[in-house]
file query.json (JSON, C-alpha atoms)
[["chain", "number", "residue", "atom", "x", "y", "z"],
["A", 1, "MET", "CA", 53.03, 31.31, -16.31],
["A", 2, "ALA", "CA", 56.54, 32.52, -17.11],
["A", 3, "LYS", "CA", 58.16, 32.69, -20.51],
["A", 4, "GLN", "CA", 60.19, 29.68, -21.48],
["A", 5, "LYS", "CA", 62.77, 28.85, -24.11],
["A", 6, "ILE", "CA", 62.76, 25.45, -25.81],
["A", 7, "VAL", "CA", 65.71, 24.33, -27.95],
["A", 8, "VAL", "CA", 65.06, 21.46, -30.37],
["A", 9, "LYS", "CA", 67.59, 19.77, -32.67],
["A", 10, "VAL", "CA", 66.06, 18.82, -36.02],
["A", 11, "THR", "CA", 67.65, 17.10, -39.02],
["A", 12, "MET", "CA", 66.91, 19.40, -41.93],
["A", 13, "ASN", "CA", 68.58, 18.50, -45.22],
["A", 14, "THR", "CA", 66.89, 21.03, -47.50],
["A", 15, "LYS", "CA", 65.65, 24.60, -47.27],
["A", 16, "LYS", "CA", 62.12, 23.33, -47.75],
["A", 17, "LYS", "CA", 62.35, 21.20, -44.60],
["A", 18, "ALA", "CA", 63.88, 24.11, -42.68],
["A", 19, "SER", "CA", 61.05, 26.44, -43.61],
["A", 20, "LYS", "CA", 58.48, 23.74, -42.81],
["A", 21, "ALA", "CA", 60.08, 23.20, -39.39],
["A", 22, "LEU", "CA", 59.86, 26.92, -38.61],
["A", 23, "GLN", "CA", 56.27, 27.00, -39.83],
["A", 24, "ILE", "CA", 55.35, 24.11, -37.52],
["A", 25, "ALA", "CA", 57.12, 25.73, -34.57],
["A", 26, "VAL", "CA", 55.38, 29.07, -35.04],
["A", 27, "SER", "CA", 51.95, 27.47, -35.51],
["A", 28, "LEU", "CA", 51.76, 26.33, -31.86],
["A", 29, "SER", "CA", 49.75, 28.45, -29.46],
["A", 30, "GLY", "CA", 51.78, 30.64, -27.12],
["A", 31, "VAL", "CA", 54.84, 30.93, -29.38],
["A", 32, "GLU", "CA", 56.26, 34.45, -29.61],
["A", 33, "SER", "CA", 59.41, 33.78, -31.63],
["A", 34, "ALA", "CA", 61.30, 30.97, -33.32],
["A", 35, "SER", "CA", 64.83, 31.11, -34.70],
["A", 36, "PHE", "CA", 67.68, 28.92, -35.86],
["A", 37, "LEU", "CA", 70.67, 28.26, -33.59],
["A", 38, "GLY", "CA", 74.03, 26.57, -33.97],
["A", 39, "SER", "CA", 76.73, 26.72, -36.57],
["A", 40, "ASP", "CA", 74.91, 24.29, -38.87],
["A", 41, "LYS", "CA", 71.51, 25.94, -38.24],
["A", 42, "ASP", "CA", 70.21, 22.55, -37.12],
["A", 43, "GLN", "CA", 68.63, 23.75, -33.88],
["A", 44, "ILE", "CA", 65.44, 25.74, -33.43],
["A", 45, "ALA", "CA", 64.94, 27.97, -30.38],
["A", 46, "VAL", "CA", 61.28, 28.61, -29.60],
["A", 47, "THR", "CA", 60.35, 31.30, -27.08],
["A", 48, "GLY", "CA", 56.92, 31.84, -25.62],
["A", 49, "GLU", "CA", 54.50, 31.32, -22.81],
["A", 50, "GLY", "CA", 52.75, 28.02, -22.10],
["A", 51, "ILE", "CA", 54.35, 26.00, -24.93],
["A", 52, "ASP", "CA", 54.08, 22.22, -24.72],
["A", 53, "SER", "CA", 57.55, 20.85, -25.54],
["A", 54, "VAL", "CA", 56.30, 17.30, -26.13],
["A", 55, "GLU", "CA", 53.70, 18.51, -28.63],
["A", 56, "LEU", "CA", 56.36, 20.58, -30.40],
["A", 57, "THR", "CA", 58.75, 17.65, -30.79],
["A", 58, "THR", "CA", 55.94, 15.30, -31.87],
["A", 59, "LEU", "CA", 54.75, 17.69, -34.58],
["A", 60, "LEU", "CA", 58.30, 18.25, -35.82],
["A", 61, "ARG", "CA", 58.92, 14.48, -35.96],
["A", 62, "LYS", "CA", 55.76, 13.96, -37.99],
["A", 63, "GLY", "CA", 56.34, 16.89, -40.32],
["A", 64, "VAL", "CA", 60.10, 17.07, -40.80],
["A", 65, "GLY", "CA", 61.95, 14.04, -39.47],
["A", 66, "TYR", "CA", 64.24, 13.12, -36.61],
["A", 67, "THR", "CA", 63.86, 15.58, -33.74],
["A", 68, "GLU", "CA", 65.66, 15.73, -30.40],
["A", 69, "LEU", "CA", 64.64, 17.91, -27.46],
["A", 70, "VAL", "CA", 67.83, 19.67, -26.26],
["A", 71, "SER", "CA", 66.69, 21.95, -23.44],
["A", 72, "VAL", "CA", 63.68, 23.56, -21.78],
["A", 73, "GLY", "CA", 64.16, 26.48, -19.42],
["A", 74, "PRO", "CA", 63.12, 30.00, -18.47],
["A", 75, "VAL", "CA", 64.02, 32.95, -20.66],
["A", 76, "GLU", "CA", 66.93, 34.97, -19.34],
["A", 77, "GLU", "CA", 65.84, 38.58, -19.13],
["A", 78, "LYS", "CA", 68.62, 41.01, -20.02],
["A", 79, "LYS", "CA", 68.73, 44.06, -17.78],
["A", 80, "PRO", "CA", 70.14, 47.19, -19.39],
["A", 81, "ASP", "CA", 73.14, 48.74, -17.67],
["A", 82, "ALA", "CA", 72.67, 52.22, -16.25],
["A", 83, "ALA", "CA", 76.08, 53.29, -17.56],
["A", 84, "LYS", "CA", 75.24, 52.37, -21.15],
["A", 85, "GLU", "CA", 71.96, 54.29, -21.27],
["A", 86, "THR", "CA", 72.14, 57.16, -23.69],
["A", 87, "ASN", "CA", 69.57, 59.26, -25.44],
["A", 88, "PRO", "CA", 68.27, 57.30, -28.42],
["A", 89, "THR", "CA", 68.33, 58.99, -31.77],
["A", 90, "VAL", "CA", 64.93, 59.57, -33.27],
["A", 91, "ALA", "CA", 64.54, 59.03, -36.99],
["A", 92, "SER", "CA", 61.47, 60.38, -38.69],
["A", 93, "LEU", "CA", 59.93, 58.82, -41.74],
["A", 94, "ASN", "CA", 57.63, 60.77, -43.99],
["A", 95, "PHE", "CA", 55.00, 58.40, -45.34],
["A", 96, "ASN", "CA", 52.30, 59.49, -47.72],
["A", 97, "PRO", "CA", 49.54, 56.86, -47.92],
["A", 98, "TYR", "CA", 47.93, 58.71, -50.85],
["A", 99, "GLN", "CA", 50.82, 58.53, -53.24],
["A", 100, "TYR", "CA", 48.68, 58.30, -56.38],
["A", 101, "TYR", "CA", 45.68, 60.37, -57.36],
["A", 102, "TYR", "CA", 42.78, 58.37, -58.76],
["A", 103, "GLY", "CA", 40.27, 61.22, -58.97],
["A", 104, "MET", "CA", 39.91, 61.06, -62.75],
["A", 105, "TYR", "CA", 38.46, 57.55, -62.74],
["A", 106, "GLY", "CA", 35.27, 58.33, -60.83],
["A", 107, "MET", "CA", 33.50, 56.13, -58.35],
["A", 108, "PRO", "CA", 33.60, 52.34, -58.61],
["A", 109, "TYR", "CA", 30.49, 50.70, -60.00],
["A", 110, "TYR", "CA", 29.64, 48.97, -56.72],
["A", 111, "GLU", "CA", 29.37, 52.32, -54.90],
["A", 112, "TYR", "CA", 26.31, 53.42, -56.89],
["A", 113, "ALA", "CA", 23.01, 52.79, -55.17],
["A", 114, "TYR", "CA", 20.53, 50.85, -57.26],
["A", 115, "GLU", "CA", 16.85, 51.44, -56.69],
["A", 116, "ILE", "CA", 14.28, 48.84, -57.52]]

call {"tool": "encode", "arguments": {"input": "query.json", "output": "structure tokens"}}
result
Amino acid sequence: MAKQKIVVKVTMNTKKKASKALQIAVSLSGVESASFLGSDKDQIAVTGEGIDSVELTTLLRKGVGYTELVSVGPVEEKKPDAAKETNPTVASLNFNPYQYYYGMYGMPYYEYAYEI
């Protein structure tokens, strides 16, 4: 099954409703990404594979409020131009996972073996 993009218009008056709408959209199976669209940020674009648009709108109506299905269609794949290809710059990041030394504290109590 091909990737599809679903655009849903939702009435969201508060930030709490907006975050709840995104949470509902992402909770569906097959969803890869969800984002706000439009100048008023009143539309949600959901991208993924095998998403049921009716289930999405029903859940958003129950959880947030008035919801309108705007469009359902395939995802437009962007092909990179051959002229614009350049060598990417590589940035290195030095990460030390052992930033702190805890050697002076000894072993935790649950590491000791108890014999009965």

call {"tool": "residues_around", "arguments": {"input": "query.json", "residues": "Val72 in chain A", "least_positions_apart": "2", "cutoff": "8 Å", "atoms": "all atoms listed in the file", "output": "mmCIF file with C-alpha atoms, in the coordinates of the input"}}
result
data_model
loop_
_atom_site.group_PDB
_atom_site.id
_atom_site.type_symbol
_atom_site.label_atom_id
_atom_site.label_comp_id
_atom_site.auth_asym_id
_atom_site.auth_seq_id
_atom_site.Cartn_x
_atom_site.Cartn_y
_atom_site.Cartn_z
ATOM 1 C CA GLN A 4 60.190 29.680 -21.480
ATOM 2 C CA LYS A 5 62.770 28.850 -24.110
ATOM 3 C CA ILE A 6 62.760 25.450 -25.810
ATOM 4 C CA VAL A 7 65.710 24.330 -27.950
ATOM 5 C CA SER A 53 57.550 20.850 -25.540
ATOM 6 C CA VAL A 70 67.830 19.670 -26.260
ATOM 7 C CA PRO A 74 63.120 30.000 -18.470
#

call {"tool": "atom_distance", "arguments": {"input": "query.json", "atom1": "CA of Gly30 in chain A", "atom2": "CA of Lys78 in chain A"}}
result
21.0 Å

call {"tool": "closest_residue", "arguments": {"input": "query.json", "among": "A:Thr58, A:Thr47, A:Ser33, A:Ser92", "to": "Glu76 in chain A", "atoms": "all atoms listed in the file"}}
result
A:Thr47

call {"tool": "closest_residue", "arguments": {"input": "query.json", "among": "A:Glu49, A:Asp42, A:Leu59, A:Ser27", "to": "Val8 in chain A", "atoms": "all atoms listed in the file"}}
result
A:Asp42

call {"tool": "atom_distance", "arguments": {"input": "query.json", "atom1": "CA of Ile44 in chain A", "atom2": "CA of Met1 in chain A"}}
result
21.9 Å

call {"tool": "residues_around", "arguments": {"input": "query.json", "residues": "Glu55 in chain A", "least_positions_apart": "4", "cutoff": "10 Å", "atoms": "only C-alpha atoms", "output": "PyMOL selection string"}}
result
chain A and resi 25+28+51+59-61

call {"tool": "atom_distance", "arguments": {"input": "query.json", "atom1": "CA of Thr14 in chain A", "atom2": "CA of Ala34 in chain A"}}
result
18.2 Å

call {"tool": "closest_residue", "arguments": {"input": "query.json", "among": "A:Ala2, A:Val46, A:Ala21, A:Ala91", "to": "Tyr66 in chain A", "atoms": "only C-alpha atoms"}}
result
A:Ala21

call {"tool": "closest_residue", "arguments": {"input": "query.json", "among": "A:Gly50, A:Gly63, A:Lys79, A:Leu56", "to": "Ala18 in chain A", "atoms": "all atoms listed in the file"}}
result
A:Gly63

call {"tool": "decode", "arguments": {"input": "query.json", "residues": "range 55-83 of chain A", "atoms": "N, CA and C atoms", "output": "PDB file, in the first residue's frame"}}
result
ATOM      1  N   GLU A  55     -11.824   6.773  10.442  1.00  0.00           N
ATOM      2  CA  GLU A  55     -11.506   6.554  11.856  1.00  0.00           C
ATOM      3  C   GLU A  55     -10.814   7.777  12.458  1.00  0.00           C
ATOM      4  N   LEU A  56      -9.926   8.400  11.673  1.00  0.00           N
ATOM      5  CA  LEU A  56      -9.231   9.599  12.136  1.00  0.00           C
ATOM      6  C   LEU A  56     -10.218  10.725  12.425  1.00  0.00           C
ATOM      7  N   THR A  57     -11.115  10.993  11.497  1.00  0.00           N
ATOM      8  CA  THR A  57     -12.073  12.086  11.712  1.00  0.00           C
ATOM      9  C   THR A  57     -13.035  11.768  12.845  1.00  0.00           C
ATOM     10  N   THR A  58     -13.447  10.510  12.991  1.00  0.00           N
ATOM     11  CA  THR A  58     -14.348  10.132  14.082  1.00  0.00           C
ATOM     12  C   THR A  58     -13.683  10.327  15.434  1.00  0.00           C
ATOM     13  N   LEU A  59     -12.432   9.902  15.559  1.00  0.00           N
ATOM     14  CA  LEU A  59     -11.717  10.075  16.831  1.00  0.00           C
ATOM     15  C   LEU A  59     -11.496  11.544  17.152  1.00  0.00           C
ATOM     16  N   LEU A  60     -11.192  12.353  16.132  1.00  0.00           N
ATOM     17  CA  LEU A  60     -10.989  13.784  16.374  1.00  0.00           C
ATOM     18  C   LEU A  60     -12.305  14.470  16.755  1.00  0.00           C
ATOM     19  N   ARG A  61     -13.420  14.036  16.175  1.00  0.00           N
ATOM     20  CA  ARG A  61     -14.713  14.612  16.547  1.00  0.00           C
ATOM     21  C   ARG A  61     -15.066  14.280  17.984  1.00  0.00           C
ATOM     22  N   LYS A  62     -14.776  13.053  18.403  1.00  0.00           N
ATOM     23  CA  LYS A  62     -15.080  12.651  19.776  1.00  0.00           C
ATOM     24  C   LYS A  62     -14.166  13.340  20.778  1.00  0.00           C
ATOM     25  N   GLY A  63     -12.889  13.481  20.421  1.00  0.00           N
ATOM     26  CA  GLY A  63     -11.922  13.997  21.376  1.00  0.00           C
ATOM     27  C   GLY A  63     -11.783  15.502  21.409  1.00  0.00           C
ATOM     28  N   VAL A  64     -11.940  16.162  20.252  1.00  0.00           N
ATOM     29  CA  VAL A  64     -11.643  17.591  20.183  1.00  0.00           C
ATOM     30  C   VAL A  64     -12.882  18.420  19.885  1.00  0.00           C
ATOM     31  N   GLY A  65     -13.596  18.082  18.838  1.00  0.00           N
ATOM     32  CA  GLY A  65     -14.759  18.867  18.447  1.00  0.00           C
ATOM     33  C   GLY A  65     -15.014  18.737  16.968  1.00  0.00           C
ATOM     34  N   TYR A  66     -15.553  19.788  16.370  1.00  0.00           N
ATOM     35  CA  TYR A  66     -15.926  19.771  14.963  1.00  0.00           C
ATOM     36  C   TYR A  66     -14.714  19.487  14.091  1.00  0.00           C
ATOM     37  N   THR A  67     -14.859  18.485  13.212  1.00  0.00           N
ATOM     38  CA  THR A  67     -13.769  18.071  12.339  1.00  0.00           C
ATOM     39  C   THR A  67     -14.297  17.889  10.924  1.00  0.00           C
ATOM     40  N   GLU A  68     -13.530  18.367   9.953  1.00  0.00           N
ATOM     41  CA  GLU A  68     -13.922  18.272   8.556  1.00  0.00           C
ATOM     42  C   GLU A  68     -12.764  17.670   7.765  1.00  0.00           C
ATOM     43  N   LEU A  69     -13.057  16.625   6.989  1.00  0.00           N
ATOM     44  CA  LEU A  69     -12.056  15.973   6.164  1.00  0.00           C
ATOM     45  C   LEU A  69     -11.860  16.798   4.896  1.00  0.00           C
ATOM     46  N   VAL A  70     -10.647  17.352   4.698  1.00  0.00           N
ATOM     47  CA  VAL A  70     -10.379  18.245   3.572  1.00  0.00           C
ATOM     48  C   VAL A  70      -9.923  17.466   2.348  1.00  0.00           C
ATOM     49  N   SER A  71      -8.900  16.630   2.497  1.00  0.00           N
ATOM     50  CA  SER A  71      -8.406  15.886   1.334  1.00  0.00           C
ATOM     51  C   SER A  71      -7.696  14.606   1.761  1.00  0.00           C
ATOM     52  N   VAL A  72      -7.744  13.632   0.849  1.00  0.00           N
ATOM     53  CA  VAL A  72      -7.012  12.378   0.993  1.00  0.00           C
ATOM     54  C   VAL A  72      -6.347  12.105  -0.340  1.00  0.00           C
ATOM     55  N   GLY A  73      -5.036  11.878  -0.324  1.00  0.00           N
ATOM     56  CA  GLY A  73      -4.336  11.640  -1.577  1.00  0.00           C
ATOM     57  C   GLY A  73      -2.964  11.049  -1.346  1.00  0.00           C
ATOM     58  N   PRO A  74      -2.292  10.656  -2.412  1.00  0.00           N
ATOM     59  CA  PRO A  74      -0.941  10.100  -2.274  1.00  0.00           C
ATOM     60  C   PRO A  74       0.072  11.180  -1.926  1.00  0.00           C
ATOM     61  N   VAL A  75       1.147  10.763  -1.305  1.00  0.00           N
ATOM     62  CA  VAL A  75       2.222  11.682  -0.941  1.00  0.00           C
ATOM     63  C   VAL A  75       3.038  11.979  -2.187  1.00  0.00           C
ATOM     64  N   GLU A  76       3.328  13.243  -2.415  1.00  0.00           N
ATOM     65  CA  GLU A  76       4.145  13.639  -3.545  1.00  0.00           C
ATOM     66  C   GLU A  76       5.607  13.515  -3.165  1.00  0.00           C
ATOM     67  N   GLU A  77       6.286  12.586  -3.830  1.00  0.00           N
ATOM     68  CA  GLU A  77       7.703  12.367  -3.560  1.00  0.00           C
ATOM     69  C   GLU A  77       8.517  13.436  -4.281  1.00  0.00           C
ATOM     70  N   LYS A  78       9.392  14.087  -3.560  1.00  0.00           N
ATOM     71  CA  LYS A  78      10.245  15.113  -4.154  1.00  0.00           C
ATOM     72  C   LYS A  78      11.543  14.462  -4.629  1.00  0.00           C
ATOM     73  N   LYS A  79      11.843  14.644  -5.904  1.00  0.00           N
ATOM     74  CA  LYS A  79      13.062  14.093  -6.471  1.00  0.00           C
ATOM     75  C   LYS A  79      14.127  15.173  -6.455  1.00  0.00           C
ATOM     76  N   PRO A  80      15.300  14.861  -5.917  1.00  0.00           N
ATOM     77  CA  PRO A  80      16.358  15.878  -5.886  1.00  0.00           C
ATOM     78  C   PRO A  80      16.907  16.137  -7.288  1.00  0.00           C
ATOM     79  N   ASP A  81      17.193  17.388  -7.560  1.00  0.00           N
ATOM     80  CA  ASP A  81      17.772  17.771  -8.845  1.00  0.00           C
ATOM     81  C   ASP A  81      19.243  17.382  -8.881  1.00  0.00           C
ATOM     82  N   ALA A  82      19.686  16.951 -10.061  1.00  0.00           N
ATOM     83  CA  ALA A  82      21.083  16.552 -10.221  1.00  0.00           C
ATOM     84  C   ALA A  82      22.006  17.761 -10.159  1.00  0.00           C
ATOM     85  N   ALA A  83      21.500  18.931 -10.572  1.00  0.00           N
ATOM     86  CA  ALA A  83      22.331  20.131 -10.585  1.00  0.00           C
ATOM     87  C   ALA A  83      22.572  20.656  -9.169  1.00  0.00           C
TER      88      ALA A  83
END
